[in-house]
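Trainee: Supplied structure: structure31.tsv, TSV, C-alpha atoms.
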```
chain	number	residue	atom	x	y	z
U	1	MET	CA	10.79	29.35	-3.70
U	2	LYS	CA	10.18	29.04	0.02
U	3	ASP	CA	6.50	29.89	-0.40
U	4	ASP	CA	6.11	27.19	-3.08
U	5	ARG	CA	7.50	24.55	-0.73
U	6	ALA	CA	5.28	25.66	2.13
U	7	TRP	CA	2.13	25.57	0.01
U	8	MET	CA	3.12	22.21	-1.45
U	9	GLN	CA	3.47	20.86	2.07
U	10	LEU	CA	-0.15	21.84	2.63
U	11	ALA	CA	-1.13	20.09	-0.59
U	12	ILE	CA	0.68	16.96	0.63
U	13	ARG	CA	-1.29	17.09	3.89
U	14	GLU	CA	-4.47	17.28	1.84
U	15	ALA	CA	-3.39	14.30	-0.27
U	16	ARG	CA	-2.81	12.18	2.85
U	17	LYS	CA	-6.52	12.42	3.65
U	18	GLY	CA	-7.13	10.03	0.77
U	19	LEU	CA	-4.58	7.37	1.77
U	20	GLY	CA	-6.09	3.92	1.47
U	21	ARG	CA	-9.22	5.17	-0.27
U	22	THR	CA	-8.28	6.12	-3.85
U	23	SER	CA	-6.89	2.89	-5.33
U	24	PRO	CA	-6.23	2.26	-8.15
U	25	ASN	CA	-5.93	6.04	-8.46
U	26	PRO	CA	-3.18	8.01	-6.71
U	27	CYS	CA	-3.58	10.16	-3.61
U	28	VAL	CA	-3.55	13.79	-4.71
U	29	GLY	CA	-3.93	17.09	-2.88
U	30	ALA	CA	-4.47	20.58	-4.31
U	31	VAL	CA	-4.30	24.08	-2.87
U	32	VAL	CA	-5.42	27.35	-4.51
U	33	VAL	CA	-3.46	30.42	-3.42
U	34	LYS	CA	-3.87	34.08	-4.41
U	35	ASN	CA	-1.71	36.97	-3.25
U	36	ASN	CA	-0.01	34.50	-0.90
U	37	LYS	CA	-3.32	33.77	0.84
U	38	LEU	CA	-5.06	30.40	0.99
U	39	ILE	CA	-8.26	30.38	-1.05
U	40	ALA	CA	-9.32	26.70	-1.14
U	41	THR	CA	-8.08	23.14	-0.72
U	42	GLY	CA	-9.12	19.77	-2.08
U	43	PHE	CA	-8.10	16.12	-2.24
U	44	HIS	CA	-9.02	13.08	-4.27
U	45	GLU	CA	-11.42	11.05	-2.14
U	46	LYS	CA	-12.17	7.94	-4.17
U	47	ALA	CA	-11.65	6.51	-7.66
U	48	GLY	CA	-14.42	7.66	-9.97
U	49	THR	CA	-15.06	10.88	-8.04
U	50	PRO	CA	-13.71	14.37	-8.88
U	51	HIS	CA	-9.97	14.85	-8.63
U	52	ALA	CA	-8.24	17.09	-6.11
U	53	GLU	CA	-7.90	20.00	-8.54
U	54	VAL	CA	-11.63	20.03	-9.23
U	55	HIS	CA	-12.51	20.08	-5.54
U	56	ALA	CA	-10.08	22.95	-4.90
U	57	LEU	CA	-11.26	24.95	-7.92
U	58	ARG	CA	-14.90	24.52	-6.95
U	59	GLY	CA	-14.05	25.81	-3.49
U	60	ALA	CA	-12.20	28.78	-4.94
U	61	GLY	CA	-14.94	29.76	-7.41
U	62	VAL	CA	-14.28	33.08	-9.17
U	63	GLN	CA	-11.28	33.74	-6.93
U	64	ALA	CA	-9.35	31.12	-8.91
U	65	ARG	CA	-8.89	33.60	-11.76
U	66	GLY	CA	-5.29	34.83	-11.67
U	67	ALA	CA	-4.41	32.50	-8.78
U	68	THR	CA	-1.85	29.71	-8.34
U	69	ILE	CA	-2.81	26.08	-7.82
U	70	TYR	CA	-0.42	23.68	-6.08
U	71	VAL	CA	-0.94	20.02	-6.96
U	72	THR	CA	1.04	17.06	-5.62
U	73	LEU	CA	0.69	15.18	-8.94
U	74	GLU	CA	0.67	16.45	-12.52
U	75	PRO	CA	-2.90	17.24	-13.64
U	76	CYS	CA	-4.34	14.68	-16.04
U	77	ASN	CA	-5.05	15.67	-19.63
U	78	HIS	CA	-7.08	12.61	-20.66
U	79	THR	CA	-10.66	11.52	-20.10
U	80	GLY	CA	-11.06	8.57	-17.78
U	81	ARG	CA	-13.90	8.20	-15.31
U	82	THR	CA	-13.77	11.98	-14.98
U	83	PRO	CA	-12.96	14.83	-17.44
U	84	PRO	CA	-9.37	16.14	-17.82
U	85	CYS	CA	-8.19	18.30	-14.93
U	86	THR	CA	-6.18	20.44	-17.35
U	87	GLN	CA	-9.44	21.65	-18.89
U	88	ALA	CA	-10.86	22.53	-15.49
U	89	ILE	CA	-7.70	24.51	-14.68
U	90	LEU	CA	-7.79	26.39	-17.98
U	91	ALA	CA	-11.50	27.19	-17.61
U	92	SER	CA	-10.96	28.54	-14.07
U	93	GLY	CA	-8.49	31.24	-15.14
U	94	ILE	CA	-5.61	29.89	-13.02
U	95	LYS	CA	-2.41	31.62	-14.18
U	96	ARG	CA	0.23	29.44	-12.47
U	97	VAL	CA	0.41	25.72	-11.70
U	98	VAL	CA	2.99	24.26	-9.31
U	99	VAL	CA	3.34	20.48	-9.55
U	100	GLY	CA	5.01	18.17	-7.05
U	101	MET	CA	5.77	15.24	-9.35
U	102	LEU	CA	5.10	14.31	-12.97
U	103	ASP	CA	2.56	11.54	-13.49
U	104	PRO	CA	4.19	8.19	-14.42
U	105	ASN	CA	0.93	7.08	-16.06
U	106	PRO	CA	1.71	6.66	-19.79
U	107	LEU	CA	-1.61	8.41	-20.53
U	108	VAL	CA	-0.24	11.57	-18.87
U	109	ALA	CA	3.58	11.36	-18.61
U	110	GLY	CA	4.26	15.10	-18.85
U	111	GLY	CA	1.35	15.79	-21.17
U	112	GLY	CA	-0.63	17.63	-18.54
U	113	CYS	CA	2.13	20.17	-17.95
U	114	LYS	CA	2.72	20.57	-21.68
U	115	THR	CA	-0.97	21.18	-22.34
U	116	LEU	CA	-1.13	23.90	-19.69
U	117	GLY	CA	2.12	25.52	-20.82
U	118	ALA	CA	0.94	25.60	-24.43
U	119	GLN	CA	-2.08	27.64	-23.30
U	120	GLY	CA	0.05	30.29	-21.60
U	121	VAL	CA	-0.16	28.98	-18.03
U	122	GLU	CA	3.08	29.21	-16.07
U	123	VAL	CA	4.04	25.70	-14.96
U	124	VAL	CA	6.62	24.71	-12.34
U	125	HIS	CA	7.24	21.07	-11.44
U	126	GLY	CA	9.50	19.12	-9.09
U	127	VAL	CA	8.61	20.98	-5.87
U	128	LEU	CA	8.99	18.49	-2.99
U	129	ALA	CA	8.94	15.76	-5.62
U	130	GLU	CA	10.37	13.04	-3.35
U	131	GLU	CA	7.77	13.67	-0.65
U	132	CYS	CA	5.06	13.52	-3.30
U	133	ARG	CA	6.43	10.26	-4.68
U	134	GLY	CA	6.39	8.83	-1.18
U	135	LEU	CA	2.61	9.21	-1.11
U	136	ASN	CA	2.08	7.13	-4.22
U	137	ARG	CA	4.66	4.37	-4.53
U	138	PRO	CA	1.93	1.70	-4.95
U	139	PHE	CA	0.26	3.72	-7.72
U	140	MET	CA	3.58	4.38	-9.43
U	141	LYS	CA	4.52	0.69	-9.47
U	142	HIS	CA	1.10	-0.51	-10.57
U	143	VAL	CA	0.64	2.01	-13.37
U	144	THR	CA	4.08	1.24	-14.84
U	145	THR	CA	4.33	-2.54	-14.26
U	146	GLY	CA	0.79	-3.76	-13.61
U	147	LEU	CA	1.96	-5.24	-10.29
U	148	PRO	CA	1.04	-4.25	-6.72
U	149	TRP	CA	3.48	-2.73	-4.24
U	150	VAL	CA	4.62	-5.42	-1.77
U	151	LEU	CA	5.02	-4.39	1.86
U	152	MET	CA	6.44	-7.10	4.11
U	153	LYS	CA	5.39	-6.77	7.76
U	154	ALA	CA	6.60	-8.82	10.70
U	155	GLY	CA	6.67	-8.67	14.48
U	156	MET	CA	9.73	-10.41	15.89
U	157	SER	CA	11.94	-10.86	18.94
U	158	LEU	CA	15.29	-9.12	19.18
U	159	ASP	CA	16.93	-12.30	17.88
U	160	GLY	CA	14.68	-12.48	14.82
U	161	ARG	CA	12.01	-14.98	15.87
U	162	LEU	CA	8.33	-14.76	14.92
U	163	ALA	CA	6.82	-17.21	17.40
U	164	LEU	CA	7.60	-20.30	19.43
U	165	ALA	CA	8.18	-23.42	17.37
U	166	SER	CA	5.83	-25.26	19.75
U	167	GLY	CA	2.93	-23.55	18.02
U	168	GLN	CA	1.80	-21.60	21.08
U	169	CYS	CA	-0.15	-18.56	19.94
U	170	ALA	CA	1.01	-15.51	21.87
U	171	TRP	CA	1.71	-11.90	20.96
U	172	ILE	CA	5.38	-10.93	20.69
U	173	THR	CA	4.78	-7.23	20.10
U	174	ASN	CA	2.79	-4.91	22.33
U	175	GLU	CA	-0.65	-3.37	21.93
U	176	GLN	CA	0.68	-0.08	20.52
U	177	SER	CA	2.48	-1.98	17.74
U	178	ARG	CA	-0.63	-3.98	16.96
U	179	ARG	CA	-2.67	-0.79	16.63
U	180	GLN	CA	-0.12	0.50	14.13
U	181	VAL	CA	-0.49	-2.72	12.12
U	182	HIS	CA	-4.22	-2.04	11.85
U	183	ARG	CA	-3.49	1.49	10.62
U	184	VAL	CA	-1.34	-0.04	7.89
U	185	ARG	CA	-4.06	-2.57	7.03
U	186	ASP	CA	-6.47	0.32	6.65
U	187	ARG	CA	-4.29	1.76	3.86
U	188	VAL	CA	-3.53	-1.32	1.74
U	189	ASP	CA	-5.64	-3.10	-0.86
U	190	ALA	CA	-4.82	-6.67	0.19
U	191	ILE	CA	-3.28	-8.63	3.05
U	192	LEU	CA	-1.50	-11.92	2.39
U	193	ILE	CA	-0.52	-14.87	4.57
U	194	GLY	CA	0.49	-18.47	4.03
U	195	SER	CA	-1.54	-21.57	4.86
U	196	GLU	CA	0.59	-22.41	7.92
U	197	THR	CA	-0.21	-19.05	9.52
U	198	ALA	CA	-3.88	-19.41	8.57
U	199	LEU	CA	-4.08	-22.86	10.17
U	200	CYS	CA	-2.08	-22.03	13.29
U	201	ASP	CA	-3.46	-18.59	14.15
U	202	ASP	CA	-6.91	-18.71	12.46
U	203	PRO	CA	-6.81	-14.91	11.96
U	204	ALA	CA	-9.75	-12.80	10.84
U	205	LEU	CA	-7.40	-10.46	8.91
U	206	THR	CA	-9.72	-7.51	9.43
U	207	THR	CA	-8.92	-3.90	10.28
U	208	ARG	CA	-9.82	-3.08	13.85
U	209	LEU	CA	-9.43	0.58	14.75
U	210	PRO	CA	-11.11	2.53	17.59
U	211	GLY	CA	-14.69	3.54	16.91
U	212	ARG	CA	-15.14	0.69	14.40
U	213	ARG	CA	-13.28	2.77	11.84
U	214	GLY	CA	-11.14	1.23	9.18
U	215	ARG	CA	-11.42	-0.55	5.87
U	216	ASP	CA	-10.86	-4.28	5.52
U	217	PRO	CA	-8.38	-5.21	2.79
U	218	LEU	CA	-8.90	-8.19	0.52
U	219	ARG	CA	-7.70	-11.34	2.35
U	220	VAL	CA	-5.26	-13.47	0.34
U	221	ILE	CA	-4.22	-16.98	1.43
U	222	LEU	CA	-1.47	-18.99	-0.24
U	223	ASP	CA	-2.81	-22.52	0.15
U	224	SER	CA	-1.58	-24.80	-2.65
U	225	ALA	CA	-3.48	-27.86	-1.37
U	226	LEU	CA	-6.59	-25.99	-0.07
U	227	ARG	CA	-6.11	-27.02	3.56
U	228	LEU	CA	-8.01	-24.02	4.96
U	229	PRO	CA	-11.12	-25.27	6.79
U	230	VAL	CA	-14.52	-23.84	5.92
U	231	SER	CA	-14.84	-22.91	9.62
U	232	ALA	CA	-11.93	-20.42	9.39
U	233	LYS	CA	-12.66	-17.05	11.02
U	234	MET	CA	-11.97	-15.15	7.81
U	235	LEU	CA	-14.83	-17.08	6.17
U	236	GLN	CA	-17.18	-16.84	9.13
U	237	GLN	CA	-16.75	-13.23	10.32
U	238	GLU	CA	-18.65	-10.49	8.57
U	239	SER	CA	-16.35	-8.32	6.49
U	240	SER	CA	-16.61	-5.95	3.57
U	241	ALA	CA	-13.68	-7.72	1.91
U	242	PRO	CA	-13.66	-11.15	0.25
U	243	THR	CA	-11.13	-13.93	0.83
U	244	TRP	CA	-9.08	-15.13	-2.13
U	245	ILE	CA	-7.36	-18.50	-1.83
U	246	PHE	CA	-4.56	-19.23	-4.28
U	247	CYS	CA	-4.03	-22.93	-4.96
U	248	GLY	CA	-2.10	-25.13	-7.35
U	249	PRO	CA	-3.43	-26.81	-10.49
U	250	GLU	CA	-3.81	-30.19	-8.73
U	251	ALA	CA	-5.87	-28.93	-5.77
U	252	ASP	CA	-8.85	-31.08	-4.78
U	253	VAL	CA	-12.02	-30.04	-6.64
U	254	LYS	CA	-14.34	-30.96	-3.76
U	255	ARG	CA	-12.28	-28.89	-1.31
U	256	ALA	CA	-12.49	-25.99	-3.74
U	257	GLU	CA	-16.28	-26.32	-4.00
U	258	ALA	CA	-16.66	-26.41	-0.21
U	259	LEU	CA	-14.57	-23.26	0.23
U	260	ILE	CA	-16.46	-21.47	-2.56
U	261	ASN	CA	-19.74	-22.37	-0.83
U	262	ALA	CA	-18.28	-20.89	2.37
U	263	GLY	CA	-17.68	-17.59	0.57
U	264	ALA	CA	-14.09	-17.88	-0.65
U	265	VAL	CA	-12.85	-17.08	-4.15
U	266	ILE	CA	-10.51	-19.75	-5.50
U	267	LYS	CA	-7.64	-18.64	-7.75
U	268	GLN	CA	-5.58	-21.34	-9.41
U	269	VAL	CA	-2.00	-20.50	-10.43
U	270	ARG	CA	0.98	-22.46	-11.69
U	271	LEU	CA	3.70	-23.86	-9.44
U	272	ASP	CA	7.34	-22.77	-9.58
U	273	GLU	CA	10.37	-25.01	-10.02
U	274	ALA	CA	10.35	-25.81	-6.30
U	275	GLY	CA	6.74	-26.99	-6.44
U	276	GLN	CA	5.43	-23.92	-4.61
U	277	LEU	CA	2.86	-21.40	-5.79
U	278	ASP	CA	4.39	-19.03	-8.32
U	279	LEU	CA	4.41	-15.72	-6.45
U	280	GLY	CA	4.90	-13.74	-9.64
U	281	ALA	CA	1.66	-15.23	-10.98
U	282	VAL	CA	-0.10	-14.38	-7.71
U	283	LEU	CA	0.99	-10.74	-7.94
U	284	CYS	CA	-0.04	-10.57	-11.60
U	285	GLU	CA	-3.52	-11.77	-10.66
U	286	LEU	CA	-3.78	-9.15	-7.91
U	287	GLY	CA	-2.54	-6.44	-10.27
U	288	ARG	CA	-5.10	-7.39	-12.92
U	289	ALA	CA	-7.78	-6.90	-10.27
U	290	GLN	CA	-6.57	-3.27	-9.88
U	291	LEU	CA	-5.05	-3.92	-6.46
U	292	THR	CA	-2.07	-1.59	-6.08
U	293	SER	CA	-0.69	-2.72	-2.70
U	294	VAL	CA	-0.41	-5.95	-0.73
U	295	LEU	CA	0.67	-6.36	2.88
U	296	VAL	CA	2.58	-9.62	3.32
U	297	GLU	CA	2.17	-10.71	6.95
U	298	GLY	CA	3.84	-14.09	6.75
U	299	GLY	CA	4.79	-16.48	8.11
U	300	SER	CA	8.41	-17.48	7.81
U	301	ARG	CA	8.07	-19.55	4.62
U	302	VAL	CA	6.15	-16.77	2.90
U	303	HIS	CA	8.64	-14.07	3.93
U	304	THR	CA	11.48	-16.27	2.70
U	305	ALA	CA	9.80	-16.99	-0.62
U	306	PHE	CA	9.08	-13.32	-1.34
U	307	LEU	CA	12.64	-12.30	-0.45
U	308	ARG	CA	14.20	-15.10	-2.49
U	309	ALA	CA	12.13	-14.04	-5.49
U	310	ASN	CA	13.14	-10.38	-5.00
U	311	LEU	CA	9.47	-9.34	-4.86
U	312	VAL	CA	9.49	-7.21	-1.69
U	313	ASP	CA	9.39	-3.42	-2.15
U	314	GLU	CA	9.14	-2.21	1.43
U	315	VAL	CA	9.50	-3.59	4.96
U	316	ASN	CA	7.88	-2.81	8.30
U	317	ILE	CA	9.67	-4.79	11.01
U	318	PHE	CA	8.46	-4.50	14.60
U	319	VAL	CA	11.12	-5.58	17.09
U	320	ALA	CA	10.10	-6.53	20.64
U	321	PRO	CA	12.59	-6.51	23.55
U	322	ILE	CA	12.56	-10.28	24.13
U	323	PHE	CA	14.65	-13.30	23.13
U	324	LEU	CA	13.23	-16.62	21.91
U	325	GLY	CA	16.40	-18.35	20.77
U	326	ASN	CA	16.25	-21.67	18.95
U	327	ASP	CA	12.84	-22.31	20.52
U	328	GLY	CA	11.45	-19.79	18.07
U	329	VAL	CA	10.53	-19.75	14.38
U	330	PRO	CA	12.91	-17.49	12.39
U	331	LEU	CA	11.65	-14.46	10.50
U	332	VAL	CA	13.41	-15.75	7.37
U	333	ASP	CA	14.61	-19.24	6.53
U	334	THR	CA	17.35	-20.27	4.09
U	335	LEU	CA	17.85	-17.74	1.29
U	336	GLY	CA	20.49	-19.70	-0.60
U	337	LEU	CA	23.15	-17.02	-0.28
U	338	GLN	CA	26.73	-17.60	-1.34
U	339	GLN	CA	28.08	-14.29	-0.03
U	340	VAL	CA	26.92	-11.40	2.11
U	341	ALA	CA	26.84	-9.10	-0.92
U	342	ASP	CA	23.95	-11.17	-2.29
U	343	ALA	CA	21.76	-10.63	0.79
U	344	PRO	CA	18.48	-8.73	0.36
U	345	ARG	CA	19.11	-5.26	1.73
U	346	PHE	CA	16.90	-2.29	2.51
U	347	SER	CA	17.49	1.39	3.16
U	348	THR	CA	15.97	2.50	6.43
U	349	THR	CA	13.53	5.37	5.91
U	350	ARG	CA	12.25	5.75	9.46
U	351	VAL	CA	12.62	4.27	12.94
U	352	ARG	CA	9.82	4.73	15.48
U	353	ARG	CA	9.05	3.55	19.01
U	354	PHE	CA	5.75	2.05	20.08
U	355	GLY	CA	6.12	1.64	23.82
U	356	ASN	CA	9.15	-0.64	24.25
U	357	ASP	CA	8.87	-1.95	20.68
U	358	VAL	CA	10.80	-0.47	17.77
U	359	LEU	CA	9.42	-0.23	14.23
U	360	ILE	CA	11.98	-0.21	11.41
U	361	GLU	CA	10.62	0.99	8.08
U	362	GLY	CA	12.62	0.71	4.89
U	363	LEU	CA	12.65	0.45	1.10
U	364	MET	CA	14.26	-2.59	-0.48
U	365	GLU	CA	17.30	-1.98	-2.62
U	366	LYS	CA	16.75	-3.49	-6.07
```
What would the structure in this file look like if it were written as structure tokens?
Mentor:
Amino acid sequence: MKDDRAWMQLAIREARKGLGRTSPNPCVGAVVVKNNKLIATGFHEKAGTPHAEVHALRGAGVQARGATIYVTLEPCNHTGRTPPCTQAILASGIKRVVVGMLDPNPLVAGGGCKTLGAQGVEVVHGVLAEECRGLNRPFMKHVTTGLPWVLMKAGMSLDGRLALASGQCAWITNEQSRRQVHRVRDRVDAILIGSETALCDDPALTTRLPGRRGRDPLRVILDSALRLPVSAKMLQQESSAPTWIFCGPEADVKRAEALINAGAVIKQVRLDEAGQLDLGAVLCELGRAQLTSVLVEGGSRVHTAFLRANLVDEVNIFVAPIFLGNDGVPLVDTLGLQQVADAPRFSTTRVRRFGNDVLIEGLMEK
């Protein structure tokens, strides 16, 4: 129905208010409608707090009886940190529930809709399902695999170069693009770079938005030999997020102790066949910590390693209108391809302009 789609769009807008704040829970929005008039709205604000349905039903009060509730994600029917939303819906007197997408969580997995239907509530699901799934890809991956969603971000020249090989630190992309990067950082659980980028750029890896808004993600450094100095900005600047350094099993114990004393958390993982940190083990460790998304910011060796291991889920590539040629460091190094058909490929989901820069967003084809 046209009205169902329109009300679900409103529920999706409500859900977006929680982006970057609900992990490891999903972003969910809810709208209560009666006689085709809006009664109340709600969204999930933070894990451990009431779900979107509860907020909307509280706002509706007695007017919920006989009304319809639109929810972007199937209501839960199990007790976690909060009581089941299905019970709140049944107690409110709601007569119709319209669901965007079924919950992939094995604890729910269609059970919420079945519970409501068994109690005489009319249930419709699949309304704007793809848009609803787009809100929660990190949650969907984490709840079904235990691994975080991997978003690869890079700013490059038109000929695919990240920076000058000379090591000169200079921005390739413009200020508008850099502001967008901080908006993305504000919505992810972790941000990851390699030791070369950490040593060359000495980044703080914080979220810097106007008005001191924004949430700092966990900082993750891939540093097999623990070369990061204790004077690194990410260890010296005040931040609400810790810094995790992943190293190999043979890393120097004294270096580890010095970094721990400087505030870092050391995570030791196995090496792969090439003698590099096993990225699968890194992602497993992040997933066990209930981190549902990680922003991979590079550099070239890290991008290459993630692509070679087929671990990238999504890309954000900022392209600046300049050429660096062979004086520049490539976005991706050797992938070991034998034919073009084997190349990592993504489906473009959106193209946007930020000043003279172009942002290409896409989902990797698996």
Trainee: Applying 10 Å and all atoms listed in the file, which residues near Glu175 (chain U) remain after dropping the ones on its own chain fewer than 6 positions away? List them as JSON, numbers by chain.
Mentor: {"U": [181, 354, 355, 357]}
Trainee: Name the closest residue to Arg16 (chain U) among the candidates U:Ser92, U:Asn261, U:Ser300, U:Asn136; distances are taken between atoms, counting only C-alpha atoms.
Mentor: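 Checking each candidate against Arg16 (chain U), we get U:Asn136 as the closest.
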Trainee: Let me make sure I understand: among U:Leu135, U:Val265, U:Leu128, U:Ala341, which one has the smallest atom-to-atom distance to Val28 (chain U) if we use all atoms listed in the file?
Mentor: U:Leu135
Trainee: Pick the closest to Pro210 (chain U) from U:Arg183, U:Ile191, U:Leu331, U:Ala67: which is it, counting all atoms listed in the file?
Mentor: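 The answer is U:Arg183, which sits nearest to Pro210 (chain U).
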Trainee: Select, from U:Glu365, U:Asp201, U:Glu273, U:Asp313, the residue with the minimum atom-to-atom distance to Leu147 (chain U), counting all atoms listed in the file.
Mentor: U:Asp313
Trainee: So that I can see what lies close to Lys366 (chain U), please list as a ChimeraX atom specification the residues with an atom at most 9 Å from it, counting only C-alpha atoms and leaving out residues fewer than 2 positions away in the same chain.
Mentor: /U:310,313,344-346,364
Trainee: Write a file of the just-selected residues containing C-alpha atoms, as an mmCIF file, in the coordinates of the input.
Mentor:
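So out.cif came out as:
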```
data_model
loop_
_atom_site.group_PDB
_atom_site.id
_atom_site.type_symbol
_atom_site.label_atom_id
_atom_site.label_comp_id
_atom_site.auth_asym_id
_atom_site.auth_seq_id
_atom_site.Cartn_x
_atom_site.Cartn_y
_atom_site.Cartn_z
ATOM 1 C CA ASN U 310 13.140 -10.380 -5.000
ATOM 2 C CA ASP U 313 9.390 -3.420 -2.150
ATOM 3 C CA PRO U 344 18.480 -8.730 0.360
ATOM 4 C CA ARG U 345 19.110 -5.260 1.730
ATOM 5 C CA PHE U 346 16.900 -2.290 2.510
ATOM 6 C CA MET U 364 14.260 -2.590 -0.480
#
```
Trainee: What's around Lys267 (chain U) at 8 Å? Count all atoms listed in the file, leave out sequence neighbours fewer than 6 positions away in its own chain, and write the answer as a list in words.
Mentor: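 Counting only the stated atoms, we get Trp244, Ile245, Phe246 and Cys247 of chain U.
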Trainee: Based on the selection just made, write C-alpha atoms of those residues as a compact mmCIF listing (two decimals), keeping the file's coordinate frame.
Mentor:
```txt
# COMPACT_ATOMS: atom_id res chain seq x y z
CA TRP U 244 -9.08 -15.13 -2.13
CA ILE U 245 -7.36 -18.50 -1.83
CA PHE U 246 -4.56 -19.23 -4.28
CA CYS U 247 -4.03 -22.93 -4.96
```
Trainee: Provide the CA of Glu196 (chain U) to CA of Leu162 (chain U) distance in Å, to one decimal place.
Mentor: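 Here the two named atoms are 12.9 Å from each other.
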Trainee: Record the distance separating CA of Phe306 (chain U) and CA of Ala232 (chain U), expressed in Å with one decimal.
Mentor: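 Computing the Euclidean distance for CA of Phe306 (chain U) and CA of Ala232 (chain U) yields 24.6 Å.
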Trainee: Considering all atoms listed in the file, can you say which of U:Arg288, U:His78, U:Arg179, U:Arg187 comes closest to Thr145 (chain U)?
Mentor: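 Under the stated criterion, the closest residue is U:Arg288.
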Trainee: So which residues are close to (14.2, -7.1, 20.1), meaning at most 10 Å away in the file's coordinates with all atoms listed in the file counted, and can you show them as number ranges by chain?
Mentor: U: 155-161, 172-173, 318-324, 356-358
Trainee: Of the residues U:Leu307, U:His182, U:Ala30, U:Leu199, which is the one nearest to Leu337 (chain U), using all atoms listed in the file?
Mentor: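 Smallest separation from Leu337 (chain U) among the options: U:Leu307.
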Trainee: Find the residues around Lys233 (chain U) up to 10 Å (all atoms listed in the file counted), leave out those fewer than 5 positions away in its own chain, and share them as a ChimeraX atom specification.
Mentor: /U:198,201-205,238
Trainee: Counting all atoms listed in the file, find residues at most 12 Å from (-18.7, -22.8, 9.7) (file frame) and give them as a list in words.
Mentor: Leu228, Pro229, Val230, Ser231, Ala232, Lys233, Met234, Leu235, Gln236, Gln237, Ala258, Leu259, Asn261, Ala262 and Gly263 of chain U
Trainee: Extract, using all atoms listed in the file, all DNA, RNA and protein residues at most 10 Å from Val150 (chain U), discarding same-chain residues fewer than 2 positions from it, and format them as a PyMOL selection string.
Mentor: chain U and resi 138+141+147-148+152-153+188+190-192+283+292-296+306+311-315
